[in-house]
Amino acid sequence: MIIGLVIEAMEAGARLQSVCKELALHQRTVQRWLEQGVGEDRRAGPHHPPPNKLTSAERAKVLTIANAPEHRDLSPKQIVPRLADAGEYVASEATFYRILAAEGQLQHREPARAPVSSSRPDEFVAAGPNEVWTWDISYLRSRVKGQFFYLYAVLDVWSRKIVGWAVHEEESAEHARELVRAACELERIVFDQLVLHSDNGSPMRAATLLALLQFLGVQASFSRPGVSDDNPYSEALFRTAKYRPEYPRRPFASLEEARAWCESFVQWYNHEHLHSAIRFVTPAARHAGREVSILAQRHQVYQAARAHRPERWVSSTRNWTPIETVTLNPMQEGGQDEAA
């Protein structure tokens, strides 16, 4: 049976090495089975139990200790050292875990609340500007050790344009609220038009900001706690800022200096930076709808170059068609657009 599956996979184009890796078999073993005409998996496994296998009495002792009143609220990581402190060794932590799992007792044993797994945030697809925004706050070093300036930035996911920014001396829900309000007013956001995504910081979850979003008809979306990948566009924006050659090597001397540098960065990013993820047009050009004519002109240039020297082209010219949609947190892994 297993050799039939191997042959079927190889006929479909798979390499024997890859098939053996998936089946956890050595390549030479499969070759020998093919030569012998063996159809079944002939791996018999061990014929004798391992010499260090616990007896039934030892397994029962592990369960008794784990369920004792003084241990029933502790994990094996706590139980085994306590036994050692008492001068007793029964089994390793791994053995405790394995026996508890086999008996269906491997559950959260501590009085604290069990860890909660957060579901992925919803997928949002932007087909034009001002449909999906993300925002975040990043630290800017000051000359006073332990004190920072804070860069607030709101980014349009579809165009990558920075639609709002500010620099303050503290993280504040009021600063965030004012920034979002000003950005919505500047971009003329109407009710039920926009999704605003952020991480789970306290300014993002503040009641004052959420009340404003509800009033404006803006849908709030949040990353999972501690998962920066759920907000990749804002993370990529801050990385671009701090890896610019012009980014100061020394901390900012004052709030005014930090604001002046950020203003120059935003100007460059929006109006000069040819963004790789949107066919190397500027975010401002794409946001304003000028990318279609820009990319069409590039296509004509390439077509003319190909017509002039066709021998230099072995396939079609470079793809200069506009990127139609951008997805934030796609459901399928690997489908994330390039953020930077």
# chains A, B, ... in the order shown; residues from 1 in each chain; ligands from 1
>>> select_by_dssp(residues="segment 105-251 of chain A", states="strand (DSSP E)", output="PyMOL selection string")
chain A and resi 124-126+132-141+148-156+162-168+195-198+219-222
>>> residues_around(residues="His175 of chain A", least_positions_apart="2", cutoff="12 Å", atoms="only C-alpha atoms", output="count of residues only")
26
>>> atom_distance(atom1="atom CA of Asn319 of chain A", atom2="atom CA of Leu155 of chain A")
25.7 Å
>>> residues_around(residues="segment 81-91 of chain A", least_positions_apart="6", cutoff="12 Å", atoms="only C-alpha atoms", output="ChimeraX atom specification")
/A:52-55,57-66,70-71,74-75,97-99
>>> residues_around(residues="Gly226 of chain A", least_positions_apart="2", cutoff="9 Å", atoms="only C-alpha atoms", output="PyMOL selection string")
chain A and resi 199-200+223-224+228
>>> closest_residue(among="A:Tyr247, A:Trp158, A:Tyr139, A:Phe149", to="Phe124 of chain A", atoms="only C-alpha atoms")
A:Trp158
>>> closest_residue(among="A:His287, A:Arg244, A:Arg298, A:His48", to="Val163 of chain A", atoms="only C-alpha atoms")
A:His287
>>> residues_around(residues="Ala127 of chain A", least_positions_apart="6", cutoff="9 Å", atoms="only C-alpha atoms", output="list in words")
Trp158, Glu324, Thr325, Val326 and Thr327 of chain A
>>> residues_around(residues="His275 of chain A", least_positions_apart="4", cutoff="10 Å", atoms="only C-alpha atoms", output="number ranges by chain")
A: 159-160, 269-270, 279-283, 339-340
>>> select_by_dssp(residues="segment 156-287 of chain A", states="alpha helix (DSSP H)", output="number ranges by chain")
A: 173-186, 202-205, 207-216, 232-242, 255-271, 283-287
>>> atom_distance(atom1="atom CA of Lys161 of chain A", atom2="atom CA of Thr134 of chain A")
10.7 Å
>>> residues_around(residues="Val218 of chain A", least_positions_apart="6", cutoff="7 Å", atoms="only C-alpha atoms", output="PyMOL selection string")
chain A and resi 191-196
>>> write_last_selection(atoms="C-alpha atoms", output="mmCIF file, in the first residue's frame")
data_model
loop_
_atom_site.group_PDB
_atom_site.id
_atom_site.type_symbol
_atom_site.label_atom_id
_atom_site.label_comp_id
_atom_site.auth_asym_id
_atom_site.auth_seq_id
_atom_site.Cartn_x
_atom_site.Cartn_y
_atom_site.Cartn_z
ATOM 1 C CA PHE A 191 -20.435 57.608 8.252
ATOM 2 C CA ASP A 192 -19.823 53.854 7.815
ATOM 3 C CA GLN A 193 -17.009 54.373 5.301
ATOM 4 C CA LEU A 194 -13.862 53.467 7.217
ATOM 5 C CA VAL A 195 -12.231 50.697 9.258
ATOM 6 C CA LEU A 196 -9.535 51.813 11.712
#
>>> closest_residue(among="A:Leu5, A:Glu185, A:Arg306, A:Asp229", to="Pro330 of chain A", atoms="only C-alpha atoms")
A:Asp229
>>> closest_residue(among="A:Ser316, A:Leu100, A:Glu11, A:Pro225", to="Tyr302 of chain A", atoms="only C-alpha atoms")
A:Ser316
>>> decode(residues="segment 180-213 of chain A", atoms="C-alpha atoms", output="compact mmCIF listing (two decimals), in the first residue's frame")
# COMPACT_ATOMS: atom_id res chain seq x y z
CA VAL A 180 -8.07 60.56 14.41
CA ARG A 181 -10.70 63.31 14.44
CA ALA A 182 -8.46 65.67 12.44
CA ALA A 183 -7.53 62.94 9.93
CA CYS A 184 -11.18 62.02 9.35
CA GLU A 185 -12.06 65.66 8.89
CA LEU A 186 -9.18 66.27 6.47
CA GLU A 187 -10.05 63.18 4.39
CA ARG A 188 -13.79 63.93 4.58
CA ILE A 189 -14.70 60.53 5.99
CA VAL A 190 -18.43 59.86 5.97
CA PHE A 191 -20.43 57.61 8.25
CA ASP A 192 -19.82 53.85 7.82
CA GLN A 193 -17.01 54.37 5.30
CA LEU A 194 -13.86 53.47 7.22
CA VAL A 195 -12.23 50.70 9.26
CA LEU A 196 -9.53 51.81 11.71
CA HIS A 197 -7.17 49.07 12.88
CA SER A 198 -4.68 49.29 15.76
CA ASP A 199 -2.98 47.17 18.37
CA ASN A 200 -4.21 46.72 21.95
CA GLY A 201 -2.44 49.59 23.71
CA SER A 202 -4.32 51.60 26.29
CA PRO A 203 -4.67 54.71 24.05
CA MET A 204 -6.19 52.48 21.33
CA ARG A 205 -8.73 50.97 23.71
CA ALA A 206 -9.56 54.21 25.52
CA ALA A 207 -13.24 54.97 25.93
CA THR A 208 -12.83 58.52 24.60
CA LEU A 209 -11.41 57.28 21.30
CA LEU A 210 -13.95 54.48 20.94
CA ALA A 211 -16.75 56.96 21.58
CA LEU A 212 -15.42 59.19 18.80
CA LEU A 213 -15.21 56.26 16.37
